[in-house]
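Reproduced below: input-v2.cif, with mmCIF, C-alpha atoms.
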data_target
loop_
_atom_site.label_atom_id
_atom_site.label_comp_id
_atom_site.auth_asym_id
_atom_site.auth_seq_id
_atom_site.Cartn_x
_atom_site.Cartn_y
_atom_site.Cartn_z
CA MET A 963 85.34 -9.46 8.00
CA ASN A 964 87.40 -12.47 8.95
CA SER A 965 90.90 -12.84 7.52
CA PRO A 966 91.34 -15.84 5.21
CA HIS A 967 92.86 -17.93 8.02
CA ASP A 968 90.65 -16.73 10.87
CA THR A 969 88.54 -19.66 12.00
CA SER A 970 87.30 -18.13 15.24
CA ILE A 971 83.58 -18.80 15.63
CA PRO A 972 81.23 -15.77 15.70
CA GLN A 973 78.46 -15.96 18.28
CA THR A 974 75.43 -16.03 15.99
CA VAL A 975 76.10 -19.20 14.05
CA ALA A 976 74.63 -22.66 13.84
CA PRO A 977 75.51 -24.98 16.74
CA TRP A 978 76.93 -27.56 14.32
CA LEU A 979 79.75 -25.33 13.15
CA GLY A 980 82.40 -26.32 15.68
CA ALA A 981 81.97 -30.04 15.10
CA CYS A 982 82.03 -29.63 11.32
CA LEU A 983 85.16 -27.50 11.42
CA GLY A 984 86.79 -30.24 13.46
CA LYS A 985 85.74 -32.92 10.99
CA ALA A 986 87.14 -30.91 8.09
CA GLU A 987 90.42 -30.40 9.91
CA SER A 988 90.64 -34.10 10.72
CA LEU A 989 90.92 -34.84 6.99
CA ALA A 990 94.41 -33.37 7.01
CA GLY A 991 96.91 -36.17 6.79
CA VAL A 992 94.59 -38.59 5.01
CA GLY A 993 97.01 -40.27 2.65
CA ALA A 994 96.77 -41.62 -0.84
CA ASN A 995 94.48 -44.53 -1.74
CA TRP A 996 92.25 -44.00 1.29
CA ASP A 997 89.36 -45.41 -0.76
CA SER A 998 91.24 -48.49 -2.02
CA TYR A 999 90.59 -47.35 -5.62
CA GLY A 1000 93.47 -44.87 -5.95
CA ALA A 1001 92.10 -41.72 -4.33
CA ALA A 1002 94.48 -38.76 -3.88
CA PRO A 1003 95.55 -37.47 -0.46
CA ILE A 1004 93.45 -34.59 0.89
CA GLU A 1005 94.66 -31.13 -0.15
CA ARG A 1006 95.42 -28.69 2.67
CA GLN A 1007 94.01 -25.73 0.76
CA SER A 1008 90.78 -27.59 0.11
CA ILE A 1009 90.39 -28.03 3.87
CA GLU A 1010 90.97 -24.32 4.46
CA HIS A 1011 88.45 -23.25 1.85
CA ALA A 1012 85.95 -25.80 3.18
CA LYS A 1013 86.25 -24.33 6.65
CA GLN A 1014 85.61 -20.84 5.28
CA LEU A 1015 82.57 -22.11 3.42
CA LEU A 1016 81.24 -23.82 6.55
CA MET A 1017 81.59 -20.59 8.50
CA GLU A 1018 79.64 -18.74 5.85
CA LEU A 1019 76.87 -21.34 5.66
CA ALA A 1020 76.57 -21.54 9.43
CA ARG A 1021 75.34 -17.92 9.51
CA ASN A 1022 72.08 -19.08 7.92
CA ALA A 1023 69.89 -20.69 10.58
CA ALA A 1024 67.91 -22.54 7.93
CA ILE A 1025 70.90 -24.63 6.88
CA GLU A 1026 71.54 -27.93 8.59
CA ALA A 1027 74.88 -29.57 9.21
CA PRO A 1028 76.48 -31.21 6.18
CA ALA A 1029 78.17 -34.57 6.15
CA ILE A 1030 81.90 -33.97 5.84
CA THR A 1031 83.63 -36.37 3.50
CA ALA A 1032 86.30 -36.42 0.82
CA THR A 1033 86.45 -36.83 -2.91
CA PRO A 1034 88.73 -39.19 -4.83
CA SER A 1035 90.54 -36.19 -6.31
CA GLY A 1036 91.73 -35.23 -2.83
CA ASN A 1037 89.23 -32.49 -1.99
CA VAL A 1038 86.81 -31.97 0.86
CA GLY A 1039 83.24 -32.98 0.06
CA LEU A 1040 80.14 -31.62 1.78
CA CYS A 1041 76.82 -33.46 1.44
CA TRP A 1042 73.26 -32.60 2.41
CA ASP A 1043 70.26 -34.89 1.85
CA ASP A 1044 66.80 -34.38 3.38
CA GLY A 1045 65.35 -37.46 1.74
CA GLN A 1046 63.92 -35.56 -1.23
CA ARG A 1047 66.69 -33.18 -2.23
CA SER A 1048 70.44 -33.46 -2.07
CA LEU A 1049 73.37 -31.13 -2.58
CA ASP A 1050 76.93 -32.35 -3.02
CA VAL A 1051 79.76 -29.82 -2.96
CA GLU A 1052 83.40 -30.48 -3.80
CA VAL A 1053 85.73 -27.78 -2.45
CA HIS A 1054 88.72 -27.30 -4.72
CA PRO A 1055 92.10 -26.04 -3.44
CA ASP A 1056 91.74 -22.84 -5.50
CA GLY A 1057 88.40 -22.04 -3.87
CA VAL A 1058 86.15 -23.25 -6.68
CA LEU A 1059 83.02 -24.96 -5.39
CA ARG A 1060 81.83 -27.70 -7.70
CA PHE A 1061 78.28 -28.69 -6.86
CA ALA A 1062 75.44 -30.99 -7.87
CA TYR A 1063 71.81 -30.51 -6.83
CA VAL A 1064 69.13 -33.20 -7.14
CA ASP A 1065 65.40 -32.90 -6.42
CA GLU A 1066 63.48 -36.19 -6.47
CA GLN A 1067 60.13 -34.41 -6.64
CA ALA A 1068 61.20 -32.04 -9.40
CA PRO A 1069 63.91 -33.69 -11.54
CA GLN A 1070 63.79 -30.77 -13.97
CA ARG A 1071 65.49 -28.76 -11.24
CA ASP A 1072 68.50 -31.07 -11.12
CA HIS A 1073 71.63 -29.16 -12.03
CA ASP A 1074 75.37 -29.00 -11.49
CA GLY A 1075 78.07 -26.41 -11.94
CA GLU A 1076 80.84 -24.40 -10.34
CA THR A 1077 80.89 -21.22 -8.31
CA ARG A 1078 83.15 -19.28 -5.97
CA ASP A 1079 80.18 -17.74 -4.20
CA GLY A 1080 79.06 -19.62 -1.11
CA ARG A 1081 75.89 -17.51 -1.04
CA ARG A 1082 74.67 -19.35 -4.12
CA LEU A 1083 74.90 -22.62 -2.22
CA SER A 1084 73.39 -21.05 0.86
CA LYS A 1085 70.38 -20.02 -1.21
CA LEU A 1086 70.03 -23.51 -2.69
CA LEU A 1087 70.07 -25.06 0.75
CA ALA A 1088 67.73 -22.57 2.34
CA ASP A 1089 65.24 -22.16 -0.50
CA GLY A 1090 65.60 -25.30 -2.56
CA MET B 246 88.05 -56.11 -31.63
CA ASN B 247 84.99 -57.49 -29.88
CA ALA B 248 82.57 -55.04 -28.30
CA PRO B 249 82.90 -54.99 -24.50
CA GLU B 250 80.44 -57.27 -22.67
CA GLN B 251 77.53 -55.33 -21.24
CA VAL B 252 76.51 -56.48 -17.78
CA PRO B 253 72.78 -57.41 -17.88
CA LEU B 254 70.20 -55.01 -16.51
CA ASP B 255 68.98 -57.37 -13.81
CA GLU B 256 72.37 -57.69 -12.15
CA ILE B 257 73.66 -56.09 -8.98
CA ILE B 258 77.15 -54.64 -8.77
CA LEU B 259 79.11 -53.81 -5.63
CA LYS B 260 81.59 -51.11 -4.64
CA ARG B 261 83.79 -50.77 -1.56
CA ILE B 262 83.11 -47.67 0.51
CA SER B 263 85.43 -46.17 3.12
CA LYS B 264 83.72 -46.04 6.50
CA ILE B 265 86.42 -44.59 8.72
CA GLN B 266 88.40 -41.55 7.71
CA PRO B 267 87.01 -40.18 5.51
CA ASN B 268 83.53 -41.57 6.07
CA CYS B 269 81.77 -41.95 2.74
CA ILE B 270 78.45 -43.15 4.14
CA LEU B 271 75.42 -40.88 4.38
CA ALA B 272 72.74 -41.54 6.98
CA MET B 273 69.34 -40.89 5.45
CA PRO B 274 66.28 -39.51 7.29
CA ASP B 275 64.49 -42.88 6.97
CA GLY B 276 67.32 -44.67 8.81
CA SER B 277 68.92 -46.22 5.77
CA GLU B 278 72.49 -45.56 4.69
CA ARG B 279 73.81 -44.81 1.24
CA ALA B 280 77.12 -44.00 -0.43
CA THR B 281 78.17 -40.46 -1.25
CA SER B 282 78.33 -39.52 -4.92
CA PHE B 283 82.05 -38.90 -4.50
CA ALA B 284 82.59 -42.48 -3.35
CA ILE B 285 81.10 -44.05 -6.46
CA LYS B 286 82.27 -41.75 -9.24
CA ASN B 287 85.23 -42.31 -11.56
CA ARG B 288 88.67 -41.08 -10.45
CA GLU B 289 89.12 -38.05 -12.68
CA HIS B 290 92.65 -37.34 -11.44
CA LEU B 291 93.62 -40.77 -12.80
CA ASN B 292 91.85 -40.10 -16.11
CA GLU B 293 89.69 -43.15 -15.44
CA GLU B 294 87.29 -44.15 -18.17
CA GLY B 295 84.96 -45.73 -15.67
CA SER B 296 84.21 -46.39 -12.03
CA SER B 297 85.44 -49.77 -10.80
CA CYS B 298 82.83 -52.12 -9.36
CA SER B 299 82.33 -55.86 -9.01
CA ARG B 300 79.49 -58.10 -10.14
CA LEU B 301 77.64 -59.85 -7.31
CA LEU B 302 77.16 -62.67 -9.80
CA THR B 303 80.87 -63.43 -9.45
CA THR B 304 82.24 -61.59 -6.39
CA SER B 305 80.77 -61.71 -2.91
CA PRO B 306 80.91 -58.71 -0.56
CA GLN B 307 83.35 -60.58 1.67
CA GLN B 308 85.60 -61.30 -1.31
CA LEU B 309 85.44 -57.65 -2.37
CA LEU B 310 86.49 -56.50 1.07
CA ALA B 311 89.26 -59.09 1.35
CA LEU B 312 90.89 -57.78 -1.84
CA VAL B 313 92.14 -54.66 0.01
CA ARG B 314 94.63 -56.84 1.90
CA ASN B 315 96.59 -56.98 -1.36
CA GLN B 316 97.03 -53.22 -0.99
CA GLY B 317 98.06 -53.38 2.65
CA LEU B 318 94.68 -52.06 3.80
CA GLU B 319 92.28 -53.45 6.40
CA PRO B 320 88.94 -54.91 5.23
CA GLY B 321 87.35 -53.68 8.46
CA ASP B 322 87.89 -50.06 7.36
CA PHE B 323 85.48 -50.53 4.48
CA THR B 324 81.92 -51.52 3.80
CA VAL B 325 80.06 -52.32 0.59
CA CYS B 326 77.28 -50.61 -1.31
CA ARG B 327 75.07 -52.21 -3.90
CA ILE B 328 74.23 -50.59 -7.24
CA ARG B 329 71.56 -51.86 -9.60
CA VAL B 330 72.74 -52.01 -13.20
CA ALA B 331 69.27 -50.93 -14.25
CA ASP B 332 69.72 -47.66 -12.31
CA VAL B 333 72.99 -46.99 -14.12
CA VAL B 334 71.52 -47.64 -17.54
CA THR B 335 68.49 -45.45 -16.74
CA LEU B 336 70.91 -42.53 -16.50
CA GLY B 337 72.22 -43.27 -20.00
CA TRP B 338 75.45 -44.96 -18.90
CA GLN B 339 76.59 -48.55 -19.21
CA VAL B 340 78.17 -51.26 -17.09
CA VAL B 341 80.93 -53.13 -18.85
CA ALA B 342 82.48 -56.39 -17.69
CA CYS B 343 86.27 -56.20 -17.49
CA PRO B 344 87.47 -59.10 -15.36
CA THR B 345 90.95 -59.07 -13.89
CA ASP B 346 93.16 -61.80 -12.48
CA GLU B 347 92.52 -60.42 -9.01
CA ASP B 348 88.77 -59.98 -9.43
CA PRO B 349 87.00 -62.00 -12.15
CA GLY B 350 83.83 -60.05 -11.33
CA HIS B 351 85.41 -56.65 -12.01
CA CYS B 352 83.33 -54.29 -14.11
CA GLU B 353 83.10 -50.57 -14.74
CA ILE B 354 80.39 -47.95 -14.87
CA ARG B 355 81.18 -46.05 -18.07
CA ALA B 356 79.74 -43.09 -19.86
CA THR B 357 78.32 -43.47 -23.34
CA ALA B 358 78.58 -41.36 -26.45
CA ASP B 359 75.07 -40.07 -25.78
CA GLN B 360 75.54 -39.44 -22.07
CA PRO B 361 78.89 -38.30 -20.67
CA PHE B 362 79.56 -38.31 -16.95
CA ARG B 363 77.83 -35.47 -15.08
CA ASP B 364 78.02 -34.63 -11.40
CA LYS B 365 74.24 -34.37 -11.07
CA LEU B 366 73.87 -37.88 -12.49
CA TRP B 367 76.42 -39.28 -10.04
CA SER B 368 74.43 -37.61 -7.29
CA ARG B 369 71.20 -39.12 -8.58
CA LEU B 370 72.77 -42.57 -8.80
CA ALA B 371 74.32 -42.33 -5.35
CA ARG B 372 70.89 -41.76 -3.82
CA LYS B 373 70.05 -45.32 -4.91
CA CYS B 374 73.32 -46.90 -3.71
CA ARG B 375 72.33 -48.60 -0.46
CA ILE B 376 75.00 -49.67 2.00
CA LEU B 377 74.70 -53.40 2.68
CA THR B 378 73.89 -54.52 6.22
CA PHE B 379 76.39 -56.53 8.25
CA GLU B 380 74.18 -59.56 7.75
CA GLU B 381 74.16 -59.14 3.97
CA ILE B 382 77.91 -58.69 3.81
CA ASP B 383 78.38 -61.88 5.81
CA ALA B 384 75.80 -64.00 4.06
CA LEU B 385 75.76 -63.02 0.37
CA THR B 386 77.58 -65.38 -1.98
CA PRO B 387 78.26 -64.99 -5.70
CA GLY B 388 75.07 -65.34 -7.70
CA ASP B 389 72.77 -64.34 -4.85
CA THR B 390 70.04 -61.81 -5.49
CA LEU B 391 69.12 -58.76 -3.44
CA PRO B 392 65.41 -57.90 -3.25
CA THR B 393 65.98 -54.17 -2.52
#
structure tokens encoding of this file:
Amino acid sequence: MNSPHDTSIPQTVAPWLGACLGKAESLAGVGANWDSYGAAPIERQSIEHAKQLLMELARNAAIEAPAITATPSGNVGLCWDDGQRSLDVEVHPDGVLRFAYVDEQAPQRDHDGETRDGRRLSKLLADG
Amino acid sequence: MNAPEQVPLDEIILKRISKIQPNCILAMPDGSERATSFAIKNREHLNEEGSSCSRLLTTSPQQLLALVRNQGLEPGDFTVCRIRVADVVTLGWQVVACPTDEDPGHCEIRATADQPFRDKLWSRLARKCRILTFEEIDALTPGDTLPT
């Protein structure tokens, strides 16, 4: 099992992992008001937890690369959208993953919540 | 105290979106681009009651971008997305006009007593928030309409 700060890339992972880890790391140093509406600077711990989550998700071959972005509260945001379903994940500095899932073909399945378990998100992405 | 002015359902409102670092634009499978939900939601860490936007009736995309110069930012680092007021109201929220000296077209997406803000609703709204093309940003003037 990797240590909390071990970001070495195992061999059997999705090819997008390296690029996504780099994008997450590049958010370090983004200062306040980056959105022109008063957004907070990006939290270092959010970046670290996001990288750990990416490494976990990359072990599932069914999961595609997320868009790496940021949230106005200063956290890393991960977004997936296949045209019908979307998943938005905000990675908090304490490791909480706040997520929102939308399904255009089945709106009754829309839901949001919080988890610390990346496997829950992995299942959403892989199974819908 | 007068009730806040509700922006009419048939109006379009605009929001600035960061396009450099971090990039808040999502490329969709059909080739279109939209804003992320994070880019359009209210700033919770500022205890914001609503998400700031601007009415296309009053503020053009170019004017909206130019406003960032007042903050020492570069307009070229941003783009603009369009949001239909009807899509906001469909979710149970409201759009309230709150003009400022800097932006007479300023308005806010606000929750209602019946429908508080929810992450899944921001996500649903964001899927309808199309990024304007370069041509639209250049050409649109206050009062113009957008067919899609």
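Pairwise distance (CA of Phe1061 (chain A), CA of Glu1076 (chain A)) equals 6.1 Å.
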With chain B as the partner and 9 Å as the cut-off, tabulate the residues of chain A that qualify, each row holding the nearest pair of atoms and their distance in Å to one decimal, using all atoms listed in the file, sorted by chain and rising number, as a tab-separated table.
residue	atom	partner	partner_atom	distance
A:Ser988	CA	B:Gln266	CA	8.3
A:Leu989	CA	B:Pro267	CA	6.8
A:Val992	CA	B:Gln266	CA	7.4
A:Trp996	CA	B:Ser263	CA	7.4
A:Asp997	CA	B:Ser263	CA	5.6
A:Ser998	CA	B:Val313	CA	6.6
A:Tyr999	CA	B:Ser297	CA	7.7
A:Gly1000	CA	B:Arg288	CA	7.6
A:Ala1001	CA	B:Arg288	CA	7.0
A:Ala1002	CA	B:His290	CA	7.9
A:Ala1029	CA	B:Leu271	CA	7.1
A:Ile1030	CA	B:Asn268	CA	7.8
A:Thr1031	CA	B:Pro267	CA	5.5
A:Ala1032	CA	B:Pro267	CA	6.1
A:Thr1033	CA	B:Phe283	CA	5.1
A:Pro1034	CA	B:Arg288	CA	5.9
A:Ser1035	CA	B:His290	CA	5.7
A:Gly1036	CA	B:His290	CA	8.9
A:Gly1039	CA	B:Phe283	CA	7.6
A:Cys1041	CA	B:Thr281	CA	7.6
A:Trp1042	CA	B:Leu271	CA	8.8
A:Asp1043	CA	B:Met273	CA	7.1
A:Asp1044	CA	B:Pro274	CA	6.5
A:Gly1045	CA	B:Pro274	CA	6.0
A:Ser1048	CA	B:Ser368	CA	7.8
A:Leu1049	CA	B:Ser368	CA	8.1
A:Asp1050	CA	B:Ser368	CA	7.2
A:Glu1052	CA	B:Phe283	CA	8.6
A:Arg1060	CA	B:Asp364	CA	8.7
A:Phe1061	CA	B:Asp364	CA	7.5
A:Ala1062	CA	B:Lys365	CA	4.8
A:Tyr1063	CA	B:Lys365	CA	6.2
A:Val1064	CA	B:Arg369	CA	6.4
A:Asp1065	CA	B:Arg369	CA	8.8
A:Glu1066	CA	B:Arg369	CA	8.5
A:Asp1072	CA	B:Lys365	CA	6.6
A:His1073	CA	B:Lys365	CA	5.9
A:Asp1074	CA	B:Lys365	CA	5.5
A:Gly1075	CA	B:Asp364	CA	8.2
For region 1011-1016 of chain A, work out the shell of residues within 10 Å, counting all atoms listed in the file and skipping chain neighbours fewer than 2 positions away, then give it as JSON, numbers by chain.
-> {"A": [964, 965, 966, 967, 968, 969, 976, 978, 979, 980, 982, 983, 984, 985, 986, 987, 1006, 1007, 1008, 1009, 1018, 1019, 1020, 1021, 1027, 1028, 1030, 1037, 1038, 1039, 1040, 1051, 1052, 1053, 1054, 1055, 1056, 1057, 1058, 1059, 1078, 1079, 1080, 1081, 1083, 1084]}
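Minimum atom-to-atom distances from B:Pro306, B:Gly350, B:Pro361, B:Gly295 to Thr324 (chain B) were compared using all atoms listed in the file, and the lowest value belongs to B:Pro306.
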Computed interatomic separation between CA of Lys373 (chain B) and CA of Ala280 (chain B) (Å) = 8.5 Å
Determine the residue membership of the PyMOL selection byres ((chain B and resi 327) around 6) for the file above and supply it as number ranges by chain.
-> B: 258-259, 326, 328, 374-375
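We find CA of Pro349 (chain B) and CA of Val325 (chain B) to be spaced 17.4 Å apart.
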Which neighbours of Gln1067 (chain A) fall inside 9 Å, counting only C-alpha atoms, when residues of the same chain fewer than 2 positions from it are skipped, and could you give them as a PDB file with C-alpha atoms, keeping the file's coordinate frame?
ATOM      1  CA  GLN A1046      63.920 -35.560  -1.230  1.00  0.00           C
ATOM      2  CA  ARG A1047      66.690 -33.180  -2.230  1.00  0.00           C
ATOM      3  CA  ASP A1065      65.400 -32.900  -6.420  1.00  0.00           C
ATOM      4  CA  PRO A1069      63.910 -33.690 -11.540  1.00  0.00           C
ATOM      5  CA  GLN A1070      63.790 -30.770 -13.970  1.00  0.00           C
TER       6      GLN A1070
END
Do you know which residues the PyMOL selection byres ((chain B and resi 256) around 9) returns on this file, as a PDB file with C-alpha atoms, in the frame of the given file?
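File written: part00.pdb
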ATOM      1  CA  VAL B 252      76.510 -56.480 -17.780  1.00  0.00           C
ATOM      2  CA  PRO B 253      72.780 -57.410 -17.880  1.00  0.00           C
ATOM      3  CA  LEU B 254      70.200 -55.010 -16.510  1.00  0.00           C
ATOM      4  CA  ASP B 255      68.980 -57.370 -13.810  1.00  0.00           C
ATOM      5  CA  ILE B 257      73.660 -56.090  -8.980  1.00  0.00           C
ATOM      6  CA  ILE B 258      77.150 -54.640  -8.770  1.00  0.00           C
ATOM      7  CA  ARG B 300      79.490 -58.100 -10.140  1.00  0.00           C
ATOM      8  CA  LEU B 301      77.640 -59.850  -7.310  1.00  0.00           C
ATOM      9  CA  LEU B 302      77.160 -62.670  -9.800  1.00  0.00           C
ATOM     10  CA  ILE B 328      74.230 -50.590  -7.240  1.00  0.00           C
ATOM     11  CA  ARG B 329      71.560 -51.860  -9.600  1.00  0.00           C
ATOM     12  CA  VAL B 330      72.740 -52.010 -13.200  1.00  0.00           C
ATOM     13  CA  ALA B 331      69.270 -50.930 -14.250  1.00  0.00           C
ATOM     14  CA  THR B 390      70.040 -61.810  -5.490  1.00  0.00           C
TER      15      THR B 390
END
Spatial neighbours of Thr303 (chain B), max dist 9 Å, all atoms listed in the file, sep filter under 5 positions, as an MDAnalysis selection string | chainID B and resid 348:351 386:388
Where is the centre and how long are the edges: axis-aligned box on region 333-350 of chain B, 6 Å on each side, Å to one decimal, as JSON:
{"center_x": 80.8, "center_y": -52.3, "center_z": -14.5, "size_x": 36.7, "size_y": 31.5, "size_z": 23.0}
